[in-house]
>>> print(open('structure.txt').read())   # compact mmCIF, C-alpha atoms and all ligand atoms
# COMPACT_ATOMS: atom_id res chain seq x y z
CA MET A 1 -55.63 10.59 -2.80
CA LYS A 2 -59.20 9.90 -1.74
CA LEU A 3 -60.74 11.16 -4.95
CA ARG A 4 -58.76 8.76 -7.12
CA ARG A 5 -60.02 5.78 -5.16
CA GLY A 6 -63.51 7.16 -5.68
CA PRO A 7 -66.22 4.56 -5.18
CA TYR A 8 -63.70 1.88 -4.18
CA GLN A 9 -63.24 3.48 -0.77
CA PRO A 10 -64.30 1.38 2.22
CA VAL A 11 -67.81 2.31 3.22
CA LYS A 12 -66.82 3.15 6.81
CA ALA A 13 -64.45 5.87 5.64
CA ILE A 14 -67.28 7.35 3.62
CA ALA A 15 -69.63 7.73 6.58
CA LEU A 16 -66.95 9.68 8.43
CA GLU A 17 -66.20 11.87 5.42
CA GLN A 18 -69.91 12.60 4.95
CA GLN A 19 -70.20 13.65 8.58
CA GLN A 20 -67.22 16.00 8.31
CA LYS A 21 -68.44 17.59 5.11
CA LEU A 22 -71.94 18.08 6.51
CA LYS A 23 -70.54 19.73 9.62
CA TYR A 24 -68.47 22.07 7.47
CA ILE A 25 -71.52 23.11 5.45
CA LEU A 26 -73.65 23.66 8.54
CA THR A 27 -70.88 25.77 10.10
CA HIS A 28 -69.56 27.80 7.17
CA SER A 29 -71.74 27.37 4.15
CA LEU A 30 -75.41 28.07 4.77
CA SER A 31 -77.19 30.33 2.29
CA PRO A 32 -79.72 32.92 3.54
CA PHE A 33 -82.44 30.42 2.56
CA TYR A 34 -81.04 27.76 4.92
CA LEU A 35 -80.07 30.23 7.67
CA GLN A 36 -83.72 31.20 7.81
CA LYS A 37 -84.95 27.62 7.53
CA PHE A 38 -82.67 26.31 10.29
CA LYS A 39 -83.23 29.31 12.59
CA GLU A 40 -85.15 27.26 15.11
CA VAL A 41 -83.02 24.11 14.84
CA GLN A 42 -81.20 23.30 18.07
CA GLY A 43 -77.77 21.70 18.20
CA LEU A 44 -76.17 22.86 14.92
CA PRO A 45 -73.67 21.95 13.56
CA ASN A 46 -73.22 18.66 15.49
CA ILE A 47 -76.59 17.30 14.54
CA SER A 48 -77.65 14.08 12.85
CA ILE A 49 -78.99 14.70 9.40
CA SER A 50 -82.40 13.22 10.16
CA SER A 51 -83.02 16.01 12.70
CA LEU A 52 -82.87 18.68 10.00
CA PRO A 53 -86.08 19.79 8.27
CA LEU A 54 -86.73 18.66 4.68
CA THR A 55 -86.68 21.05 1.72
CA THR A 56 -89.25 20.70 -1.03
CA SER A 57 -88.47 21.65 -4.60
CA ASP A 58 -91.42 24.11 -4.64
CA GLU A 59 -90.23 25.85 -1.50
CA PHE A 60 -86.70 26.13 -2.90
CA ARG A 61 -87.90 27.48 -6.25
CA ALA A 62 -90.14 30.04 -4.53
CA SER A 63 -87.22 31.64 -2.69
CA PRO A 64 -85.38 34.63 -4.25
CA PRO A 65 -82.32 33.46 -6.28
CA GLU A 66 -79.88 35.55 -4.21
CA ASP A 67 -81.09 33.79 -1.04
CA ARG A 68 -80.06 30.42 -2.43
CA ILE A 69 -76.35 31.18 -2.83
CA THR A 70 -73.52 31.74 -0.39
CA GLN A 71 -71.46 34.06 -2.61
CA PRO A 72 -72.69 37.55 -3.41
CA ASP A 73 -70.81 37.79 -6.72
CA ILE A 74 -73.17 36.02 -9.15
CA ALA A 75 -71.18 37.20 -12.20
CA SER A 76 -68.21 34.99 -11.23
CA LEU A 77 -70.37 31.86 -10.95
CA ILE A 78 -71.47 29.28 -13.52
CA PRO A 79 -75.26 29.15 -13.96
CA ILE A 80 -76.89 25.75 -14.44
CA SER A 81 -80.53 25.73 -15.48
CA THR A 82 -83.00 22.94 -15.01
CA SER A 83 -86.00 22.65 -17.26
CA GLY A 84 -88.29 21.91 -14.34
CA SER A 85 -91.08 19.42 -14.63
CA SER A 86 -93.62 22.05 -13.61
CA GLY A 87 -92.47 24.23 -16.50
CA LYS A 88 -90.93 26.66 -14.05
CA PRO A 89 -87.18 26.75 -14.73
CA LEU A 90 -84.73 26.87 -11.84
CA THR A 91 -81.21 28.25 -12.08
CA VAL A 92 -78.58 27.19 -9.58
CA TYR A 93 -75.03 28.49 -9.46
CA MET A 94 -71.74 26.72 -8.98
CA SER A 95 -68.16 27.93 -8.69
CA GLY A 96 -65.50 27.08 -11.28
CA ARG A 97 -63.89 24.74 -8.75
CA GLU A 98 -67.14 22.91 -8.14
CA TYR A 99 -67.63 22.55 -11.87
CA LEU A 100 -64.15 21.07 -12.32
CA LEU A 101 -64.70 18.67 -9.44
CA SER A 102 -67.87 17.38 -11.09
CA GLN A 103 -65.98 16.89 -14.35
CA LEU A 104 -63.28 15.00 -12.53
CA LYS A 105 -65.93 12.71 -11.01
CA GLN A 106 -67.22 12.10 -14.51
CA LEU A 107 -63.73 11.23 -15.77
CA ILE A 108 -63.19 8.75 -12.92
CA PHE A 109 -66.41 7.05 -13.98
CA PHE A 110 -65.32 7.02 -17.64
CA GLN A 111 -62.03 5.48 -16.51
CA GLN A 112 -63.85 2.61 -14.79
CA LEU A 113 -65.38 1.88 -18.20
CA GLY A 114 -62.03 1.81 -20.00
CA TRP A 115 -61.72 5.47 -21.07
CA LYS A 116 -58.23 6.61 -22.03
CA PRO A 117 -57.07 10.26 -22.06
CA TRP A 118 -56.32 10.12 -25.80
CA TRP A 119 -59.85 9.07 -26.75
CA LYS A 120 -61.74 11.36 -29.11
CA THR A 121 -64.90 12.49 -27.36
CA ILE A 122 -68.12 13.97 -28.65
CA PHE A 123 -70.67 15.60 -26.40
CA LEU A 124 -74.04 16.05 -28.04
CA TRP A 125 -75.02 18.90 -25.77
CA ASP A 126 -76.54 22.36 -25.61
CA VAL A 127 -73.78 24.71 -24.51
CA ASP A 128 -70.21 24.22 -23.41
CA LYS A 129 -69.77 25.70 -19.95
CA SER A 130 -66.14 24.67 -19.71
CA SER A 131 -64.71 28.15 -20.16
CA SER A 132 -62.15 27.81 -17.37
CA LYS A 133 -58.53 28.10 -18.48
CA SER A 134 -57.01 25.73 -15.92
CA PHE A 135 -54.56 22.99 -16.88
CA PHE A 136 -57.08 20.30 -16.04
CA GLN A 137 -59.80 21.95 -18.10
CA THR A 138 -57.43 22.21 -21.06
CA LEU A 139 -56.70 18.51 -20.70
CA VAL A 140 -60.40 17.67 -20.60
CA ASN A 141 -61.13 19.79 -23.66
CA LEU A 142 -58.16 18.60 -25.70
CA LYS A 143 -59.96 15.65 -27.26
CA LYS A 144 -63.50 16.88 -26.74
CA LYS A 145 -65.87 18.29 -29.29
CA VAL A 146 -69.38 19.56 -28.60
CA ILE A 147 -72.10 19.09 -31.22
CA ASP A 148 -75.22 21.21 -30.78
CA ILE A 149 -78.02 18.95 -29.58
CA SER A 150 -80.62 21.06 -31.39
CA ALA A 151 -78.94 20.60 -34.81
CA PRO A 152 -80.97 18.56 -37.33
CA LEU A 153 -80.37 14.82 -37.02
CA ASP A 154 -78.71 14.55 -40.45
CA VAL A 155 -76.21 17.26 -39.42
CA GLN A 156 -75.53 15.50 -36.11
CA ALA A 157 -75.01 12.20 -37.92
CA LYS A 158 -72.66 13.75 -40.46
CA MET A 159 -70.53 15.37 -37.76
CA ILE A 160 -70.34 12.18 -35.72
CA LYS A 161 -69.37 10.20 -38.82
CA SER A 162 -66.63 12.62 -39.77
CA SER A 163 -65.18 12.74 -36.23
CA SER A 164 -65.50 9.02 -35.55
CA PRO A 165 -65.39 9.41 -31.74
CA ASP A 166 -64.29 6.82 -29.18
CA LEU A 167 -66.70 8.20 -26.60
CA LEU A 168 -70.11 9.67 -27.32
CA MET A 169 -72.13 11.25 -24.55
CA SER A 170 -75.58 12.82 -24.64
CA THR A 171 -79.05 12.56 -23.20
CA THR A 172 -80.70 9.17 -23.51
CA ASP A 173 -83.50 10.66 -25.60
CA ALA A 174 -81.23 12.53 -28.01
CA LEU A 175 -79.19 9.38 -28.70
CA ASN A 176 -82.36 7.32 -28.98
CA ALA A 177 -83.73 9.75 -31.58
CA LEU A 178 -80.46 9.75 -33.52
CA ALA A 179 -80.19 5.95 -33.56
CA ALA A 180 -83.86 5.53 -34.57
CA TRP A 181 -83.40 8.10 -37.35
CA SER A 182 -80.26 6.39 -38.67
CA ILE A 183 -82.01 3.02 -38.83
CA HIS A 184 -85.09 4.53 -40.47
CA ASN A 185 -82.93 6.21 -43.12
CA LYS A 186 -80.61 3.22 -43.47
CA ILE A 187 -77.54 5.30 -42.55
CA ALA A 188 -74.73 3.35 -40.91
CA MET A 189 -73.17 5.04 -37.90
CA PRO A 190 -69.47 4.65 -37.04
CA ARG A 191 -68.29 2.27 -34.35
CA VAL A 192 -68.01 4.01 -30.98
CA ARG A 193 -66.20 2.40 -28.05
CA LEU A 194 -68.35 3.81 -25.27
CA ILE A 195 -71.70 5.56 -25.10
CA ILE A 196 -72.73 7.45 -21.98
CA THR A 197 -76.37 8.40 -21.55
CA CYS A 198 -77.99 10.68 -19.01
CA GLY A 199 -81.18 12.63 -18.42
CA SER A 200 -83.81 9.91 -18.47
CA PRO A 201 -83.74 6.21 -17.68
CA LEU A 202 -81.93 3.96 -20.13
CA SER A 203 -84.48 1.26 -20.92
CA PRO A 204 -83.24 -2.17 -22.07
CA GLN A 205 -84.80 -1.39 -25.44
CA THR A 206 -82.88 1.87 -25.87
CA ARG A 207 -79.70 0.21 -24.67
CA ASN A 208 -80.09 -2.49 -27.35
CA LEU A 209 -80.79 0.13 -29.99
CA LEU A 210 -77.68 2.12 -29.06
CA THR A 211 -75.34 -0.85 -28.69
CA SER A 212 -76.38 -2.21 -32.07
CA THR A 213 -76.38 1.13 -33.91
CA PHE A 214 -72.96 2.20 -32.65
CA ASN A 215 -71.55 -1.24 -31.87
CA ALA A 216 -70.64 0.23 -28.48
CA LYS A 217 -70.63 -0.43 -24.77
CA CYS A 218 -73.30 1.68 -23.10
CA ALA A 219 -73.59 3.07 -19.56
CA ASP A 220 -75.98 5.50 -17.90
CA ILE A 221 -75.40 8.39 -15.51
CA TYR A 222 -78.07 9.47 -13.06
CA GLY A 223 -77.82 13.13 -12.23
CA ALA A 224 -79.82 16.26 -11.66
CA ASN A 225 -78.89 19.74 -12.77
CA GLU A 226 -79.42 21.13 -9.28
CA CYS A 227 -76.74 18.96 -7.72
CA GLY A 228 -74.68 17.05 -10.27
CA TYR A 229 -74.02 13.33 -10.59
CA LEU A 230 -76.04 11.36 -8.07
CA GLY A 231 -75.24 7.90 -9.32
CA PHE A 232 -73.54 5.89 -12.00
CA GLN A 233 -74.39 2.61 -13.64
CA CYS A 234 -71.99 0.18 -12.02
CA PRO A 235 -69.44 -1.34 -14.44
CA HIS A 236 -69.20 -4.45 -12.25
CA CYS A 237 -72.79 -5.47 -11.50
CA GLY A 238 -74.95 -3.39 -13.87
CA LEU A 239 -77.10 -1.77 -11.17
CA TYR A 240 -76.60 1.89 -10.27
CA TYR A 241 -74.51 3.04 -7.31
CA PHE A 242 -74.96 6.30 -5.40
CA ASN A 243 -72.07 8.74 -5.32
CA GLU A 244 -71.92 8.68 -1.56
CA ASP A 245 -68.65 10.60 -1.49
CA SER A 246 -70.44 13.70 -2.82
CA HIS A 247 -73.98 13.29 -1.51
CA ILE A 248 -75.86 11.99 1.46
CA LEU A 249 -78.78 10.15 -0.06
CA GLU A 250 -81.89 9.19 1.85
CA VAL A 251 -84.87 7.24 0.58
CA LEU A 252 -88.05 8.13 2.48
CA ASP A 253 -91.60 6.82 2.40
CA GLN A 254 -94.73 9.00 2.37
CA GLU A 255 -94.44 9.61 6.12
CA ASN A 256 -90.77 10.58 5.65
CA ARG A 257 -89.46 7.43 7.29
CA PRO A 258 -86.42 5.61 5.84
CA ALA A 259 -87.58 3.01 3.30
CA ASP A 260 -86.27 0.72 0.57
CA HIS A 261 -88.56 2.26 -2.00
CA GLY A 262 -89.56 5.88 -1.91
CA SER A 263 -88.74 9.45 -2.57
CA LEU A 264 -85.08 10.41 -2.94
CA VAL A 265 -83.82 13.17 -0.66
CA ILE A 266 -80.31 14.51 -1.26
CA THR A 267 -77.76 16.56 0.62
CA ALA A 268 -75.05 17.80 -1.75
CA LEU A 269 -71.74 17.67 0.12
CA ASP A 270 -69.54 19.19 -2.57
CA ARG A 271 -71.78 22.16 -3.34
CA ARG A 272 -70.86 25.16 -1.22
CA THR A 273 -72.13 27.84 -3.60
CA THR A 274 -75.73 26.66 -3.75
CA PRO A 275 -76.19 24.41 -0.73
CA LEU A 276 -78.89 21.78 -0.99
CA ILE A 277 -79.73 20.05 2.27
CA ARG A 278 -82.32 17.29 2.61
CA TYR A 279 -83.76 18.35 -0.73
CA HIS A 280 -86.61 16.39 -2.35
CA ILE A 281 -85.31 15.84 -5.85
CA GLY A 282 -88.66 14.54 -7.11
CA ASP A 283 -87.55 11.04 -8.11
CA MET A 284 -88.59 7.69 -6.70
CA VAL A 285 -85.90 5.05 -6.27
CA THR A 286 -85.77 1.42 -5.25
CA LEU A 287 -82.71 0.42 -3.24
CA ALA A 288 -80.84 -2.81 -3.86
CA PRO A 289 -80.68 -5.06 -0.78
CA ARG A 290 -78.03 -3.97 1.71
CA GLU A 291 -76.33 -7.34 1.30
CA HIS A 292 -75.88 -6.79 -2.46
CA VAL A 293 -72.29 -7.82 -3.18
CA CYS A 294 -70.12 -5.73 -5.49
CA ARG A 295 -66.54 -4.46 -5.64
CA ILE A 296 -68.06 -1.02 -5.20
CA GLN A 297 -69.41 -0.80 -1.67
CA PHE A 298 -71.46 2.36 -2.15
CA ARG A 299 -75.18 1.72 -1.75
CA HIS A 300 -76.69 0.45 -5.00
CA PHE A 301 -80.17 0.99 -6.34
CA THR A 302 -82.15 -1.05 -8.81
CA SER A 303 -84.34 1.57 -10.44
CA ILE A 304 -85.22 5.22 -10.70
CA ASP A 305 -88.85 5.93 -11.36
CA GLY A 306 -90.40 9.18 -12.20
CA ARG A 307 -87.54 11.08 -13.74
CA SER A 308 -90.45 12.28 -15.78
CA THR A 309 -93.07 13.71 -13.47
CA ASP A 310 -95.98 14.38 -15.85
CA VAL A 311 -99.00 12.18 -15.32
CA LEU A 312 -102.04 11.45 -17.47
CA LEU A 313 -105.40 11.98 -15.81
CA LEU A 314 -108.08 9.39 -16.48
CA PRO A 315 -111.81 10.19 -16.74
CA GLY A 316 -112.48 8.15 -13.60
CA GLY A 317 -109.90 10.13 -11.58
CA GLY A 318 -107.04 7.64 -11.90
CA THR A 319 -103.61 8.48 -13.28
CA VAL A 320 -101.04 6.99 -15.65
CA THR A 321 -97.42 7.69 -14.78
CA TYR A 322 -94.16 7.02 -16.56
CA LEU A 323 -93.75 3.89 -14.49
CA SER A 324 -97.02 2.36 -15.62
CA THR A 325 -96.03 2.77 -19.28
CA MET A 326 -92.78 0.81 -18.89
CA LYS A 327 -94.53 -2.36 -20.14
CA ILE A 328 -95.04 -0.66 -23.50
CA ASN A 329 -91.24 -0.62 -23.88
CA SER A 330 -91.31 -4.38 -24.32
CA ILE A 331 -93.45 -4.33 -27.49
CA ASP A 332 -91.36 -5.74 -30.33
CA GLY A 333 -90.72 -3.35 -33.19
CA LEU A 334 -91.81 -0.24 -31.28
CA ALA A 335 -88.83 2.11 -31.50
CA GLN A 336 -90.13 5.18 -29.66
CA PHE A 337 -93.36 6.36 -28.13
CA GLN A 338 -94.90 9.30 -26.36
CA ILE A 339 -98.35 9.72 -24.85
CA VAL A 340 -99.82 13.21 -24.87
CA GLN A 341 -102.96 14.19 -23.00
CA THR A 342 -104.66 16.78 -25.20
CA GLY A 343 -107.97 17.19 -23.34
CA PRO A 344 -109.85 15.93 -20.28
CA GLU A 345 -110.62 12.63 -22.03
CA SER A 346 -108.43 12.69 -25.13
CA TYR A 347 -104.99 11.18 -25.58
CA LEU A 348 -102.57 11.00 -28.47
CA PHE A 349 -100.21 8.05 -28.79
CA ARG A 350 -97.25 9.10 -30.97
CA TYR A 351 -94.95 6.30 -32.02
CA VAL A 352 -92.08 5.27 -34.27
CA LYS A 353 -92.03 1.68 -35.47
CA ASN A 354 -89.57 -0.58 -37.23
CA ASP A 355 -90.34 -2.04 -40.66
CA SER A 356 -90.57 -5.53 -39.15
CA VAL A 357 -94.03 -4.90 -37.64
CA SER A 358 -97.34 -3.62 -38.93
CA GLU A 359 -99.16 -0.56 -37.63
CA SER A 360 -102.23 -2.55 -36.64
CA ASP A 361 -100.07 -4.94 -34.68
CA ILE A 362 -98.52 -2.12 -32.64
CA ILE A 363 -101.87 -0.40 -32.05
CA GLN A 364 -103.50 -3.61 -30.89
CA LYS A 365 -100.67 -4.39 -28.46
CA VAL A 366 -100.55 -0.86 -27.03
CA LYS A 367 -104.31 -0.96 -26.43
CA THR A 368 -103.99 -4.07 -24.31
CA LEU A 369 -101.40 -2.38 -22.08
CA LEU A 370 -103.24 0.90 -21.41
CA PRO A 371 -106.17 1.36 -19.01
CA GLU A 372 -109.49 0.62 -20.69
CA GLU A 373 -110.97 4.00 -19.81
CA MET A 374 -108.31 5.70 -21.95
CA LEU A 375 -109.29 3.84 -25.12
CA PRO A 376 -112.42 5.77 -26.28
CA GLY A 377 -110.44 9.05 -26.43
CA LEU A 378 -107.21 7.54 -27.75
CA THR A 379 -105.82 8.31 -31.21
CA PHE A 380 -102.59 7.00 -32.77
CA GLN A 381 -100.10 8.96 -34.81
CA LYS A 382 -97.18 7.34 -36.60
CA GLU A 383 -93.99 9.45 -36.69
CA LYS A 384 -90.64 9.15 -38.46
CA VAL A 385 -88.88 10.18 -35.30
CA ILE A 386 -89.83 11.73 -31.97
CA HIS A 387 -87.49 14.61 -31.22
CA PRO A 388 -86.32 15.54 -27.77
CA ASP A 389 -87.18 19.04 -26.61
CA LYS A 390 -84.73 21.94 -26.50
CA THR A 391 -83.10 20.72 -23.31
CA GLY A 392 -82.43 17.34 -24.91
CA LYS A 393 -85.11 15.50 -22.96
CA TYR A 394 -88.25 14.02 -24.29
CA LYS A 395 -90.91 12.95 -21.96
CA VAL A 396 -92.70 9.68 -22.44
CA ILE A 397 -95.72 11.34 -20.92
CA ILE A 398 -96.83 14.87 -21.64
CA ASN A 399 -99.91 16.46 -20.12
CA GLN A 400 -100.94 19.43 -22.25
CA GLN A 401 -104.11 20.17 -20.37
ZN ZN A 501 -72.00 -2.72 -8.50
>>> encode(input="structure.txt", output="structure tokens", more="lines below")
Ligand SMILES: [Zn+2]
Amino acid sequence: MKLRRGPYQPVKAIALEQQQKLKYILTHSLSPFYLQKFKEVQGLPNISISSLPLTTSDEFRASPPEDRITQPDIASLIPISTSGSSGKPLTVYMSGREYLLSQLKQLIFFQQLGWKPWWKTIFLWDVDKSSSKSFFQTLVNLKKKVIDISAPLDVQAKMIKSSSPDLLMSTTDALNALAAWSIHNKIAMPRVRLIITCGSPLSPQTRNLLTSTFNAKCADIYGANECGYLGFQCPHCGLYYFNEDSHILEVLDQENRPADHGSLVITALDRRTTPLIRYHIGDMVTLAPREHVCRIQFRHFTSIDGRSTDVLLLPGGGTVTYLSTMKINSIDGLAQFQIVQTGPESYLFRYVKNDSVSESDIIQKVKTLLPEEMLPGLTFQKEKVIHPDKTGKYKVIINQQ
């Protein structure tokens, strides 16, 4: 079975499978949005993907929800909401079958990392959408428990301690907050075999915090609510690999030419309910060299930038993005931080520090890493913990202007 071999399939077989799936979508599975968009396109469905027009996130969000789906019966579908960096939420729909398929993909990834079906699993998550009554779903849910991500940290910690899970999965920021809280309050967490993070990049600092707090192996998933799991952190080489069996992924520069570093454009091959074709997901990625050697032959990438799209605006017209604050991650003793722009020239640096370092030390180091023009309007605020927002994400950069 192709699915079982997953990312270990030879890369040539994948190209063929991608082509077949794309042709199927272009023939049978275009939503009103794409029928309209591709109206003028010649040569469908036997067309190379680069000849199709690109879809921007704004354009997609602006279309009526019923135009984005291929099935008229919304009530039978599973809604997935994205928080939306612009503050404008987007809901996409998937069928029960598509949902199961994405769970199966997740399990194959867990299996690469040593997961066993009898492992106790805790998802620190918002809602459980796994309402399907199929045999497979029952199997998935058998050992799985969902803890509400918005519960107070002491409640989360208590529930995790009493369940003593083998696998713990949540957003990077929720787990970071929980681990930082447990260290601050000197509460020992149970040993967990495997931690899976998702939602925002897993920095080396957060990885160290999680591995030491839970004495666990740690791996990151790169996904987007609109289209599911785009990539997994490779258990063999440590970089990320693209899930090329479910997506065609293109990296394009500012002139929309193929590039090694640029904007990620996805075509979701396993999504027939809400098709997404050449869709700008809003993230920047850097590809690993084509000659990168790994047991998994899917294309690897070295980094994802800009999973947080807020930027700070500087008085002189410059900007500070998530990427340019990565250096701050390397400050010793700084457990968490967040920079909030509160006015045209005022910024708040919220931070959580370990006992090993002094406040003045942290402040001095942060100042050397931020642009000089930010400093006159910069204030510091020490926190016990920085909580993720309701969706389980916390942004390193928030622009409140
Ligand atoms: Zn690899």
>>> residues_near_ligand(input="structure.txt", ligand="ligand ZN 501 (chain A)", cutoff="12 Å", atoms="all atoms listed in the file", output="JSON, numbers by chain")
{"A": [7, 8, 112, 231, 232, 233, 234, 235, 236, 237, 238, 239, 240, 241, 242, 243, 288, 289, 290, 291, 292, 293, 294, 295, 296, 297, 298, 299, 300, 301, 302]}
>>> write_last_selection(input="structure.txt", atoms="C-alpha atoms", output="PDB file, in the frame of the given file")
ATOM      1  CA  PRO A   7     -66.220   4.560  -5.180  1.00  0.00           C
ATOM      2  CA  TYR A   8     -63.700   1.880  -4.180  1.00  0.00           C
ATOM      3  CA  GLN A 112     -63.850   2.610 -14.790  1.00  0.00           C
ATOM      4  CA  GLY A 231     -75.240   7.900  -9.320  1.00  0.00           C
ATOM      5  CA  PHE A 232     -73.540   5.890 -12.000  1.00  0.00           C
ATOM      6  CA  GLN A 233     -74.390   2.610 -13.640  1.00  0.00           C
ATOM      7  CA  CYS A 234     -71.990   0.180 -12.020  1.00  0.00           C
ATOM      8  CA  PRO A 235     -69.440  -1.340 -14.440  1.00  0.00           C
ATOM      9  CA  HIS A 236     -69.200  -4.450 -12.250  1.00  0.00           C
ATOM     10  CA  CYS A 237     -72.790  -5.470 -11.500  1.00  0.00           C
ATOM     11  CA  GLY A 238     -74.950  -3.390 -13.870  1.00  0.00           C
ATOM     12  CA  LEU A 239     -77.100  -1.770 -11.170  1.00  0.00           C
ATOM     13  CA  TYR A 240     -76.600   1.890 -10.270  1.00  0.00           C
ATOM     14  CA  TYR A 241     -74.510   3.040  -7.310  1.00  0.00           C
ATOM     15  CA  PHE A 242     -74.960   6.300  -5.400  1.00  0.00           C
ATOM     16  CA  ASN A 243     -72.070   8.740  -5.320  1.00  0.00           C
ATOM     17  CA  ALA A 288     -80.840  -2.810  -3.860  1.00  0.00           C
ATOM     18  CA  PRO A 289     -80.680  -5.060  -0.780  1.00  0.00           C
ATOM     19  CA  ARG A 290     -78.030  -3.970   1.710  1.00  0.00           C
ATOM     20  CA  GLU A 291     -76.330  -7.340   1.300  1.00  0.00           C
ATOM     21  CA  HIS A 292     -75.880  -6.790  -2.460  1.00  0.00           C
ATOM     22  CA  VAL A 293     -72.290  -7.820  -3.180  1.00  0.00           C
ATOM     23  CA  CYS A 294     -70.120  -5.730  -5.490  1.00  0.00           C
ATOM     24  CA  ARG A 295     -66.540  -4.460  -5.640  1.00  0.00           C
ATOM     25  CA  ILE A 296     -68.060  -1.020  -5.200  1.00  0.00           C
ATOM     26  CA  GLN A 297     -69.410  -0.800  -1.670  1.00  0.00           C
ATOM     27  CA  PHE A 298     -71.460   2.360  -2.150  1.00  0.00           C
ATOM     28  CA  ARG A 299     -75.180   1.720  -1.750  1.00  0.00           C
ATOM     29  CA  HIS A 300     -76.690   0.450  -5.000  1.00  0.00           C
ATOM     30  CA  PHE A 301     -80.170   0.990  -6.340  1.00  0.00           C
ATOM     31  CA  THR A 302     -82.150  -1.050  -8.810  1.00  0.00           C
TER      32      THR A 302
END
>>> residues_around(input="structure.txt", residues="Glu255 in chain A", least_positions_apart="6", cutoff="12 Å", atoms="all atoms listed in the file", output="list in words")
Leu54, Gly262 and Ser263 of chain A
>>> write_last_selection(input="structure.txt", atoms="C-alpha atoms", output="tab-separated table (two decimals), keeping the file's coordinate frame")
chain	number	residue	atom	x	y	z
A	54	LEU	CA	-86.73	18.66	4.68
A	262	GLY	CA	-89.56	5.88	-1.91
A	263	SER	CA	-88.74	9.45	-2.57
>>> atom_distance(input="structure.txt", atom1="CA of Leu269 in chain A", atom2="CA of Ser29 in chain A")
10.5 Å
>>> closest_residue(input="structure.txt", among="A:Ser51, A:Asn46, A:Thr121, A:Ser57", to="Leu22 in chain A", atoms="all atoms listed in the file")
A:Asn46
>>> closest_residue(input="structure.txt", among="A:Val396, A:Ala259, A:Met169, A:Leu252", to="Pro201 in chain A", atoms="all atoms listed in the file")
A:Val396
>>> closest_residue(input="structure.txt", among="A:Asn185, A:Thr55, A:Asp166, A:Lys217", to="Leu153 in chain A", atoms="only C-alpha atoms")
A:Asn185
>>> closest_residue(input="structure.txt", among="A:Arg191, A:Lys21, A:Lys116, A:His184", to="Ala268 in chain A", atoms="only C-alpha atoms")
A:Lys21
>>> atom_distance(input="structure.txt", atom1="CA of Phe214 in chain A", atom2="CA of Lys395 in chain A")
23.5 Å
>>> residues_around(input="structure.txt", residues="Phe110 in chain A", least_positions_apart="2", cutoff="10 Å", atoms="only C-alpha atoms", output="PDB file with C-alpha atoms, keeping the file's coordinate frame")
ATOM      1  CA  LEU A 104     -63.280  15.000 -12.530  1.00  0.00           C
ATOM      2  CA  LYS A 105     -65.930  12.710 -11.010  1.00  0.00           C
ATOM      3  CA  GLN A 106     -67.220  12.100 -14.510  1.00  0.00           C
ATOM      4  CA  LEU A 107     -63.730  11.230 -15.770  1.00  0.00           C
ATOM      5  CA  ILE A 108     -63.190   8.750 -12.920  1.00  0.00           C
ATOM      6  CA  GLN A 112     -63.850   2.610 -14.790  1.00  0.00           C
ATOM      7  CA  LEU A 113     -65.380   1.880 -18.200  1.00  0.00           C
ATOM      8  CA  GLY A 114     -62.030   1.810 -20.000  1.00  0.00           C
ATOM      9  CA  TRP A 115     -61.720   5.470 -21.070  1.00  0.00           C
ATOM     10  CA  LYS A 116     -58.230   6.610 -22.030  1.00  0.00           C
ATOM     11  CA  PRO A 117     -57.070  10.260 -22.060  1.00  0.00           C
ATOM     12  CA  LEU A 167     -66.700   8.200 -26.600  1.00  0.00           C
ATOM     13  CA  LEU A 194     -68.350   3.810 -25.270  1.00  0.00           C
ATOM     14  CA  ILE A 195     -71.700   5.560 -25.100  1.00  0.00           C
ATOM     15  CA  ILE A 196     -72.730   7.450 -21.980  1.00  0.00           C
ATOM     16  CA  ALA A 219     -73.590   3.070 -19.560  1.00  0.00           C
ATOM     17  CA  PRO A 235     -69.440  -1.340 -14.440  1.00  0.00           C
TER      18      PRO A 235
END
